[in-house]
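Here is the structure we will look at, set down as structure tokens.
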Amino acid sequence: MSVLEPLQHALAVVVSGAHAGLGAVGSDPDAGATWVASIAAVVLVVRCALLPLVVHGVRSAHAAARARPALKELTARYRGQRDADSLRALTEERRAIAAEHGMSRLGCLPLLVQLPIWLGLYHLMSNVARGRSVGAMGSDLVASLGQATIAGVPLADRGYAGAGPGHLAVVAGLALTAATLSFVTQRYLVAPNVVTADLPEAMASAQRMMPVLSAGGLLFAGGVVPVALLVYWVANSTWTLAQSAVVWRWFPTPGSPAALRNAAPAAA
């Protein structure tokens, strides 16, 4: 059994539950709009469940920013000292600074917790689009999704090439929308909320390239994934943009361009 299979089954319950709920209030169970709303419901449920990790990540970034000057001074003070006593003292002082500023010991664990969920969603949508049943997504729901369309394009179809220019317009439009949302989020909301002054040049360059890489990756993937997954990416990217805008505006990382920009109107 795949490690992601339990996650797929859990997410299948969310999709089928949303689909059943929409059907209960009068939506056509086989309509593309019903399935689009069901996929959006998955985004809503998953992203709400992950909000505690988002809050933890914001607090960790703030703590690291507050501790950065002291850590920088500490590193400079012990530069070139490699004896056991100096290394031990350096470690102890780092721990003291981390504790003073409330830095988390979990590191990137919250991000790693999220990765299996994204992979589980990808595999769920891919399997259902191939006509495979997954847990609560039985053969009847799989068949229903297989018949559903968005602007005449089946949600189970893949790739840019298909039944004429209409197919290309829908798939390319969804991929371009997801890519644009991702680029705007990374370029104008995430990047300005990161302190890059003390980062190595290689890491700073990678940070600058992230908006282009994320958008390019979505455009490329748009040619191979099911249309249903593109719908999910658009909904998920919309949430990410809104969430990043809230963090950028009201909870910017201390010392970041976002914090300086938002502080300027208040000072004026």
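Ordered as shown in the structure tokens, chains take letters A, B, and onward, while each chain numbers its residues from 1 and ligands are numbered from 1 in the order shown.
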For the interface of range 61-82 of chain A with range 47-56 of chain A (cut-off 12 Å, counting only C-alpha atoms), please tabulate each contacting residue of range 61-82 of chain A alongside its nearest pair of atoms and their separation in Å to one decimal, rows sorted by chain and increasing number, as a tab-separated table.
residue	atom	partner	partner_atom	distance
A:Ala61	CA	A:His56	CA	8.6
A:His62	CA	A:His56	CA	9.9
A:Ala63	CA	A:His56	CA	10.4
Residues of range 119-146 of chain A at most 12 Å from range 151-155 of chain A: nearest atom pair and distance in Å, only C-alpha atoms, as a Markdown table:
| residue | atom | partner | partner_atom | distance |
| --- | --- | --- | --- | --- |
| A:Met125 | CA | A:Leu155 | CA | 9.9 |
| A:Ser126 | CA | A:Leu155 | CA | 10.7 |
| A:Val128 | CA | A:Leu155 | CA | 10.2 |
| A:Ala129 | CA | A:Leu155 | CA | 7.4 |
| A:Arg130 | CA | A:Leu155 | CA | 10.7 |
| A:Gly131 | CA | A:Leu155 | CA | 11.6 |
| A:Val142 | CA | A:Leu155 | CA | 11.0 |
| A:Ala143 | CA | A:Leu155 | CA | 11.3 |
| A:Ser144 | CA | A:Leu155 | CA | 10.2 |
| A:Leu145 | CA | A:Leu155 | CA | 6.8 |
| A:Gly146 | CA | A:Leu155 | CA | 6.7 |
From CA of Ala18 in chain A to CA of Ser244 in chain A the spacing works out at 26.0 Å
As a ChimeraX atom specification, please: the residues near range 165-172 of chain A (cut-off 9 Å, only C-alpha atoms, same-chain neighbours under 3 positions excluded).
/A:150-153,158-162,175-177,219,222-223,227,230
Atoms to include: N, CA and C atoms. Write the selected residues as a CSV table (one decimal), in the first residue's frame.
chain,number,residue,atom,x,y,z
A,150,ILE,N,-16.1,21.4,-18.4
A,150,ILE,CA,-16.1,22.9,-18.1
A,150,ILE,C,-15.8,23.6,-19.5
A,151,ALA,N,-16.8,24.4,-19.9
A,151,ALA,CA,-16.8,25.0,-21.2
A,151,ALA,C,-16.6,24.0,-22.3
A,152,GLY,N,-17.3,22.8,-22.1
A,152,GLY,CA,-17.2,21.8,-23.2
A,152,GLY,C,-16.0,20.9,-23.1
A,153,VAL,N,-15.1,21.1,-22.2
A,153,VAL,CA,-13.9,20.3,-22.1
A,153,VAL,C,-14.0,19.3,-20.9
A,158,ARG,N,-6.6,15.5,-20.5
A,158,ARG,CA,-5.3,16.0,-20.2
A,158,ARG,C,-4.7,16.7,-21.4
A,159,GLY,N,-3.8,17.6,-21.1
A,159,GLY,CA,-2.9,18.2,-22.1
A,159,GLY,C,-3.6,19.4,-22.9
A,160,TYR,N,-2.7,20.1,-23.6
A,160,TYR,CA,-3.2,21.2,-24.3
A,160,TYR,C,-3.8,20.8,-25.6
A,161,ALA,N,-3.3,19.7,-26.3
A,161,ALA,CA,-3.9,19.3,-27.5
A,161,ALA,C,-5.1,18.5,-27.3
A,162,GLY,N,-6.2,18.8,-28.0
A,162,GLY,CA,-7.4,18.0,-27.8
A,162,GLY,C,-8.4,18.3,-29.0
A,175,ALA,N,-4.3,26.9,-17.0
A,175,ALA,CA,-2.9,26.9,-16.7
A,175,ALA,C,-2.3,28.3,-16.5
A,176,LEU,N,-2.7,29.2,-17.4
A,176,LEU,CA,-2.2,30.5,-17.4
A,176,LEU,C,-2.7,31.3,-16.2
A,177,THR,N,-3.9,31.0,-15.8
A,177,THR,CA,-4.5,31.7,-14.6
A,177,THR,C,-3.7,31.2,-13.3
A,219,LEU,N,2.8,26.1,-16.0
A,219,LEU,CA,2.5,26.1,-17.4
A,219,LEU,C,2.9,24.8,-18.1
A,222,GLY,N,0.6,22.0,-17.0
A,222,GLY,CA,-0.7,22.1,-17.6
A,222,GLY,C,-0.9,21.2,-18.8
A,223,GLY,N,0.2,20.8,-19.4
A,223,GLY,CA,0.1,20.0,-20.6
A,223,GLY,C,0.0,18.5,-20.3
A,227,VAL,N,-7.6,18.2,-16.4
A,227,VAL,CA,-8.2,19.5,-16.3
A,227,VAL,C,-8.7,19.7,-14.8
A,230,LEU,N,-6.1,21.1,-12.8
A,230,LEU,CA,-5.9,22.5,-13.1
A,230,LEU,C,-6.9,23.4,-12.3
Atom pair CA of Val234 in chain A + CA of Ala178 in chain A, distance 4.6 Å
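In this comparison, which uses only C-alpha atoms, the residue of A:Phe183, A:Ser214, A:Ala202, A:Val231 approaching Val36 in chain A most closely is A:Val231.
Near Ala37 in chain A, within 12 Å and counting only C-alpha atoms, sit Val14, Val15, Ser16, Gly17, Ala18, His19, Ala20, Gly21, Leu22, Gly23, Ser27, Asp28, Pro29, Asp30, Ala31, Val43, Leu44, Ile150, Ala228, Val231, Tyr232 and Ala235 of chain A, not including residues fewer than 6 positions from it in the same chain.
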Store the residues of this selection in a file with C-alpha atoms, as a PDB file, in the first residue's frame.
ATOM      1  CA  VAL A  14     -14.053  15.443   1.412  1.00  0.00           C
ATOM      2  CA  VAL A  15     -14.682  15.503  -2.351  1.00  0.00           C
ATOM      3  CA  SER A  16     -17.562  13.024  -2.208  1.00  0.00           C
ATOM      4  CA  GLY A  17     -19.086  14.806   0.801  1.00  0.00           C
ATOM      5  CA  ALA A  18     -18.976  18.170  -0.951  1.00  0.00           C
ATOM      6  CA  HIS A  19     -20.432  16.621  -4.100  1.00  0.00           C
ATOM      7  CA  ALA A  20     -23.248  14.997  -2.135  1.00  0.00           C
ATOM      8  CA  GLY A  21     -23.965  18.239  -0.298  1.00  0.00           C
ATOM      9  CA  LEU A  22     -24.213  20.203  -3.520  1.00  0.00           C
ATOM     10  CA  GLY A  23     -26.493  17.540  -4.987  1.00  0.00           C
ATOM     11  CA  SER A  27     -27.097  20.994  -8.128  1.00  0.00           C
ATOM     12  CA  ASP A  28     -26.862  18.618 -11.077  1.00  0.00           C
ATOM     13  CA  PRO A  29     -24.531  15.830  -9.839  1.00  0.00           C
ATOM     14  CA  ASP A  30     -22.985  15.378 -13.280  1.00  0.00           C
ATOM     15  CA  ALA A  31     -22.561  19.075 -14.091  1.00  0.00           C
ATOM     16  CA  VAL A  43      -9.127  23.507  -1.171  1.00  0.00           C
ATOM     17  CA  LEU A  44     -11.258  25.241   1.472  1.00  0.00           C
ATOM     18  CA  ILE A 150     -16.056  22.855 -18.144  1.00  0.00           C
ATOM     19  CA  ALA A 228      -9.709  18.715 -12.818  1.00  0.00           C
ATOM     20  CA  VAL A 231      -9.152  23.611 -11.519  1.00  0.00           C
ATOM     21  CA  TYR A 232      -7.733  22.636  -8.135  1.00  0.00           C
ATOM     22  CA  ALA A 235      -8.543  27.501  -6.554  1.00  0.00           C
TER      23      ALA A 235
END
Within 12 Å of Leu90 in chain A, counting only C-alpha atoms, which residues qualify if same-chain residues fewer than 2 places away don't, as an mmCIF file with all heavy atoms, in the first residue's frame?
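Final output, saved to selection_39.cif:
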data_model
loop_
_atom_site.group_PDB
_atom_site.id
_atom_site.type_symbol
_atom_site.label_atom_id
_atom_site.label_comp_id
_atom_site.auth_asym_id
_atom_site.auth_seq_id
_atom_site.Cartn_x
_atom_site.Cartn_y
_atom_site.Cartn_z
ATOM 1 N N LEU A 71 22.354 36.754 16.346
ATOM 2 C CA LEU A 71 23.034 35.588 15.775
ATOM 3 C C LEU A 71 24.180 36.020 14.867
ATOM 4 O O LEU A 71 25.234 35.363 14.828
ATOM 5 C CB LEU A 71 22.037 34.737 14.990
ATOM 6 C CG LEU A 71 20.990 33.993 15.823
ATOM 7 C CD1 LEU A 71 19.958 33.327 14.922
ATOM 8 C CD2 LEU A 71 21.661 32.945 16.714
ATOM 9 N N LYS A 72 23.972 37.101 14.131
ATOM 10 C CA LYS A 72 25.038 37.602 13.265
ATOM 11 C C LYS A 72 26.234 38.071 14.088
ATOM 12 O O LYS A 72 27.396 37.781 13.751
ATOM 13 C CB LYS A 72 24.498 38.761 12.415
ATOM 14 C CG LYS A 72 25.479 39.283 11.386
ATOM 15 C CD LYS A 72 24.849 40.373 10.535
ATOM 16 C CE LYS A 72 25.838 40.884 9.501
ATOM 17 N NZ LYS A 72 25.214 41.970 8.659
ATOM 18 N N GLU A 73 25.952 38.776 15.171
ATOM 19 C CA GLU A 73 27.041 39.236 16.047
ATOM 20 C C GLU A 73 27.756 38.059 16.693
ATOM 21 O O GLU A 73 28.987 38.051 16.827
ATOM 22 C CB GLU A 73 26.456 40.157 17.113
ATOM 23 C CG GLU A 73 27.488 40.854 17.989
ATOM 24 C CD GLU A 73 27.967 39.981 19.154
ATOM 25 O OE1 GLU A 73 27.177 39.115 19.592
ATOM 26 O OE2 GLU A 73 29.123 40.166 19.591
ATOM 27 N N LEU A 74 26.989 37.038 17.080
ATOM 28 C CA LEU A 74 27.571 35.852 17.697
ATOM 29 C C LEU A 74 28.477 35.117 16.722
ATOM 30 O O LEU A 74 29.585 34.702 17.081
ATOM 31 C CB LEU A 74 26.452 34.917 18.165
ATOM 32 C CG LEU A 74 26.888 33.617 18.843
ATOM 33 C CD1 LEU A 74 27.598 33.917 20.159
ATOM 34 C CD2 LEU A 74 25.679 32.718 19.079
ATOM 35 N N THR A 75 28.035 34.975 15.475
ATOM 36 C CA THR A 75 28.849 34.302 14.463
ATOM 37 C C THR A 75 30.151 35.051 14.221
ATOM 38 O O THR A 75 31.214 34.434 14.087
ATOM 39 C CB THR A 75 28.056 34.179 13.149
ATOM 40 O OG1 THR A 75 26.858 33.440 13.387
ATOM 41 C CG2 THR A 75 28.882 33.482 12.078
ATOM 42 N N ALA A 76 30.066 36.380 14.167
ATOM 43 C CA ALA A 76 31.275 37.173 13.957
ATOM 44 C C ALA A 76 32.238 37.035 15.127
ATOM 45 O O ALA A 76 33.464 36.978 14.953
ATOM 46 C CB ALA A 76 30.897 38.644 13.761
ATOM 47 N N ARG A 77 31.694 36.948 16.337
ATOM 48 C CA ARG A 77 32.538 36.846 17.527
ATOM 49 C C ARG A 77 33.309 35.531 17.588
ATOM 50 O O ARG A 77 34.440 35.485 18.085
ATOM 51 C CB ARG A 77 31.664 37.020 18.773
ATOM 52 C CG ARG A 77 32.403 37.005 20.102
ATOM 53 C CD ARG A 77 31.691 37.856 21.135
ATOM 54 N NE ARG A 77 30.268 37.626 21.175
ATOM 55 C CZ ARG A 77 29.690 36.703 21.953
ATOM 56 N NH1 ARG A 77 30.441 35.951 22.741
ATOM 57 N NH2 ARG A 77 28.375 36.548 21.952
ATOM 58 N N TYR A 78 32.681 34.464 17.080
ATOM 59 C CA TYR A 78 33.329 33.154 17.144
ATOM 60 C C TYR A 78 33.964 32.745 15.811
ATOM 61 O O TYR A 78 34.386 31.601 15.668
ATOM 62 C CB TYR A 78 32.313 32.089 17.557
ATOM 63 C CG TYR A 78 32.032 32.064 19.040
ATOM 64 C CD1 TYR A 78 30.985 32.803 19.584
ATOM 65 C CD2 TYR A 78 32.835 31.305 19.902
ATOM 66 C CE1 TYR A 78 30.725 32.775 20.949
ATOM 67 C CE2 TYR A 78 32.573 31.270 21.267
ATOM 68 C CZ TYR A 78 31.521 32.012 21.782
ATOM 69 O OH TYR A 78 31.278 31.989 23.132
ATOM 70 N N ARG A 79 34.021 33.688 14.860
ATOM 71 C CA ARG A 79 34.589 33.348 13.557
ATOM 72 C C ARG A 79 36.056 32.922 13.699
ATOM 73 O O ARG A 79 36.843 33.582 14.367
ATOM 74 C CB ARG A 79 34.479 34.533 12.598
ATOM 75 C CG ARG A 79 35.002 34.211 11.192
ATOM 76 C CD ARG A 79 34.734 35.348 10.233
ATOM 77 N NE ARG A 79 33.318 35.472 9.941
ATOM 78 C CZ ARG A 79 32.563 36.515 10.255
ATOM 79 N NH1 ARG A 79 33.118 37.533 10.902
ATOM 80 N NH2 ARG A 79 31.281 36.545 9.968
ATOM 81 N N GLY A 80 36.389 31.819 13.088
ATOM 82 C CA GLY A 80 37.769 31.315 13.108
ATOM 83 C C GLY A 80 38.107 30.462 14.307
ATOM 84 O O GLY A 80 39.187 29.859 14.357
ATOM 85 N N GLN A 81 37.199 30.342 15.279
ATOM 86 C CA GLN A 81 37.458 29.525 16.465
ATOM 87 C C GLN A 81 36.848 28.134 16.261
ATOM 88 O O GLN A 81 35.632 28.006 16.178
ATOM 89 C CB GLN A 81 36.873 30.196 17.703
ATOM 90 C CG GLN A 81 37.427 31.597 17.962
ATOM 91 C CD GLN A 81 36.879 32.212 19.239
ATOM 92 O OE1 GLN A 81 36.707 31.520 20.243
ATOM 93 N NE2 GLN A 81 36.605 33.517 19.201
ATOM 94 N N ARG A 82 37.707 27.126 16.209
ATOM 95 C CA ARG A 82 37.251 25.772 15.926
ATOM 96 C C ARG A 82 37.580 24.773 17.038
ATOM 97 O O ARG A 82 37.375 23.575 16.881
ATOM 98 C CB ARG A 82 37.886 25.274 14.620
ATOM 99 C CG ARG A 82 37.420 26.035 13.380
ATOM 100 C CD ARG A 82 35.960 25.724 13.091
ATOM 101 N NE ARG A 82 35.463 26.421 11.923
ATOM 102 C CZ ARG A 82 34.849 27.587 11.938
ATOM 103 N NH1 ARG A 82 34.668 28.211 13.124
ATOM 104 N NH2 ARG A 82 34.423 28.171 10.842
ATOM 105 N N ASP A 83 38.052 25.263 18.155
ATOM 106 C CA ASP A 83 38.352 24.355 19.261
ATOM 107 C C ASP A 83 37.049 23.905 19.920
ATOM 108 O O ASP A 83 35.994 24.549 19.779
ATOM 109 C CB ASP A 83 39.252 25.039 20.285
ATOM 110 C CG ASP A 83 38.622 26.307 20.850
ATOM 111 O OD1 ASP A 83 38.676 27.343 20.136
ATOM 112 O OD2 ASP A 83 38.065 26.253 21.952
ATOM 113 N N ALA A 84 37.117 22.802 20.639
ATOM 114 C CA ALA A 84 35.915 22.185 21.207
ATOM 115 C C ALA A 84 35.185 23.115 22.167
ATOM 116 O O ALA A 84 33.950 23.194 22.163
ATOM 117 C CB ALA A 84 36.289 20.890 21.921
ATOM 118 N N ASP A 85 35.936 23.835 23.002
ATOM 119 C CA ASP A 85 35.297 24.719 23.973
ATOM 120 C C ASP A 85 34.547 25.855 23.289
ATOM 121 O O ASP A 85 33.436 26.213 23.689
ATOM 122 C CB ASP A 85 36.356 25.300 24.919
ATOM 123 C CG ASP A 85 36.924 24.245 25.863
ATOM 124 O OD1 ASP A 85 36.246 23.213 26.052
ATOM 125 O OD2 ASP A 85 38.024 24.465 26.398
ATOM 126 N N SER A 86 35.150 26.421 22.241
ATOM 127 C CA SER A 86 34.502 27.519 21.519
ATOM 128 C C SER A 86 33.241 27.032 20.816
ATOM 129 O O SER A 86 32.199 27.715 20.826
ATOM 130 C CB SER A 86 35.466 28.132 20.499
ATOM 131 O OG SER A 86 36.565 28.727 21.157
ATOM 132 N N LEU A 87 33.306 25.859 20.185
ATOM 133 C CA LEU A 87 32.140 25.313 19.490
ATOM 134 C C LEU A 87 31.009 25.015 20.467
ATOM 135 O O LEU A 87 29.834 25.248 20.167
ATOM 136 C CB LEU A 87 32.520 24.060 18.717
ATOM 137 C CG LEU A 87 33.470 24.270 17.526
ATOM 138 C CD1 LEU A 87 33.849 22.929 16.909
ATOM 139 C CD2 LEU A 87 32.815 25.166 16.466
ATOM 140 N N ARG A 88 31.377 24.517 21.643
ATOM 141 C CA ARG A 88 30.369 24.231 22.657
ATOM 142 C C ARG A 88 29.714 25.533 23.138
ATOM 143 O O ARG A 88 28.487 25.614 23.284
ATOM 144 C CB ARG A 88 31.003 23.498 23.834
ATOM 145 C CG ARG A 88 29.988 22.966 24.854
ATOM 146 C CD ARG A 88 30.675 22.244 26.010
ATOM 147 N NE ARG A 88 31.526 21.154 25.535
ATOM 148 C CZ ARG A 88 32.862 21.177 25.577
ATOM 149 N NH1 ARG A 88 33.484 22.241 26.092
ATOM 150 N NH2 ARG A 88 33.553 20.160 25.123
ATOM 151 N N GLU A 92 25.759 26.725 22.767
ATOM 152 C CA GLU A 92 24.953 27.101 23.925
ATOM 153 C C GLU A 92 24.387 28.516 23.784
ATOM 154 O O GLU A 92 23.227 28.776 24.125
ATOM 155 C CB GLU A 92 25.807 26.991 25.193
ATOM 156 C CG GLU A 92 26.148 25.541 25.556
ATOM 157 C CD GLU A 92 27.077 25.467 26.758
ATOM 158 O OE1 GLU A 92 27.516 26.547 27.219
ATOM 159 O OE2 GLU A 92 27.361 24.343 27.230
ATOM 160 N N GLU A 93 25.209 29.438 23.266
ATOM 161 C CA GLU A 93 24.732 30.815 23.101
ATOM 162 C C GLU A 93 23.669 30.900 22.014
ATOM 163 O O GLU A 93 22.733 31.698 22.110
ATOM 164 C CB GLU A 93 25.911 31.738 22.791
ATOM 165 C CG GLU A 93 26.852 31.930 23.986
ATOM 166 C CD GLU A 93 27.854 33.040 23.747
ATOM 167 O OE1 GLU A 93 27.438 34.120 23.275
ATOM 168 O OE2 GLU A 93 29.054 32.835 24.021
ATOM 169 N N ARG A 94 23.815 30.100 20.963
ATOM 170 C CA ARG A 94 22.786 30.063 19.925
ATOM 171 C C ARG A 94 21.458 29.577 20.501
ATOM 172 O O ARG A 94 20.394 30.128 20.188
ATOM 173 C CB ARG A 94 23.233 29.150 18.789
ATOM 174 C CG ARG A 94 24.139 29.820 17.765
ATOM 175 C CD ARG A 94 24.537 28.831 16.693
ATOM 176 N NE ARG A 94 25.323 29.463 15.643
ATOM 177 C CZ ARG A 94 25.973 28.796 14.698
ATOM 178 N NH1 ARG A 94 25.937 27.461 14.685
ATOM 179 N NH2 ARG A 94 26.657 29.442 13.782
ATOM 180 N N ARG A 95 21.530 28.558 21.328
ATOM 181 C CA ARG A 95 20.304 28.043 21.946
ATOM 182 C C ARG A 95 19.680 29.089 22.846
ATOM 183 O O ARG A 95 18.442 29.231 22.892
ATOM 184 C CB ARG A 95 20.630 26.777 22.742
ATOM 185 C CG ARG A 95 20.938 25.557 21.876
ATOM 186 C CD ARG A 95 21.350 24.390 22.722
ATOM 187 N NE ARG A 95 21.604 23.205 21.913
ATOM 188 C CZ ARG A 95 22.166 22.083 22.373
ATOM 189 N NH1 ARG A 95 22.516 22.003 23.668
ATOM 190 N NH2 ARG A 95 22.373 21.057 21.575
ATOM 191 N N ALA A 96 20.513 29.835 23.567
ATOM 192 C CA ALA A 96 19.993 30.868 24.463
ATOM 193 C C ALA A 96 19.299 31.976 23.668
ATOM 194 O O ALA A 96 18.221 32.454 24.054
ATOM 195 C CB ALA A 96 21.127 31.445 25.301
ATOM 196 N N ILE A 97 19.896 32.377 22.552
ATOM 197 C CA ILE A 97 19.293 33.412 21.703
ATOM 198 C C ILE A 97 17.984 32.910 21.112
ATOM 199 O O ILE A 97 16.980 33.630 21.078
ATOM 200 C CB ILE A 97 20.277 33.829 20.590
ATOM 201 C CG1 ILE A 97 21.468 34.566 21.194
ATOM 202 C CG2 ILE A 97 19.574 34.707 19.551
ATOM 203 C CD1 ILE A 97 22.578 34.858 20.194
#
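Looking only at range 12-247 of chain A, the set that DSSP places in strand (DSSP E or B) from backbone geometry is Val134, Met137, Thr149, Ile150, Val153, Pro154, Arg158 and Pro226 of chain A.
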Would you output that residue set with N, CA and C atoms, as an mmCIF file, in the first residue's frame?
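Ended up saving to out-v6.cif:
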data_model
loop_
_atom_site.group_PDB
_atom_site.id
_atom_site.type_symbol
_atom_site.label_atom_id
_atom_site.label_comp_id
_atom_site.auth_asym_id
_atom_site.auth_seq_id
_atom_site.Cartn_x
_atom_site.Cartn_y
_atom_site.Cartn_z
ATOM 1 N N VAL A 134 -11.308 5.494 -5.819
ATOM 2 C CA VAL A 134 -10.440 5.721 -4.654
ATOM 3 C C VAL A 134 -11.320 5.940 -3.443
ATOM 4 N N MET A 137 -14.678 7.807 -3.343
ATOM 5 C CA MET A 137 -14.900 8.126 -4.757
ATOM 6 C C MET A 137 -15.098 6.817 -5.510
ATOM 7 N N THR A 149 -17.968 18.405 -17.673
ATOM 8 C CA THR A 149 -17.171 19.266 -18.542
ATOM 9 C C THR A 149 -17.143 20.684 -18.003
ATOM 10 N N ILE A 150 -16.142 21.433 -18.426
ATOM 11 C CA ILE A 150 -16.056 22.855 -18.144
ATOM 12 C C ILE A 150 -15.849 23.555 -19.484
ATOM 13 N N VAL A 153 -15.098 21.096 -22.189
ATOM 14 C CA VAL A 153 -13.887 20.266 -22.082
ATOM 15 C C VAL A 153 -14.037 19.339 -20.882
ATOM 16 N N PRO A 154 -13.937 18.012 -21.077
ATOM 17 C CA PRO A 154 -14.065 17.071 -19.951
ATOM 18 C C PRO A 154 -13.022 17.331 -18.877
ATOM 19 N N ARG A 158 -6.623 15.518 -20.499
ATOM 20 C CA ARG A 158 -5.271 15.969 -20.176
ATOM 21 C C ARG A 158 -4.668 16.693 -21.371
ATOM 22 N N PRO A 226 -4.634 16.265 -15.496
ATOM 23 C CA PRO A 226 -6.060 16.376 -15.808
ATOM 24 C C PRO A 226 -6.568 17.806 -15.618
#
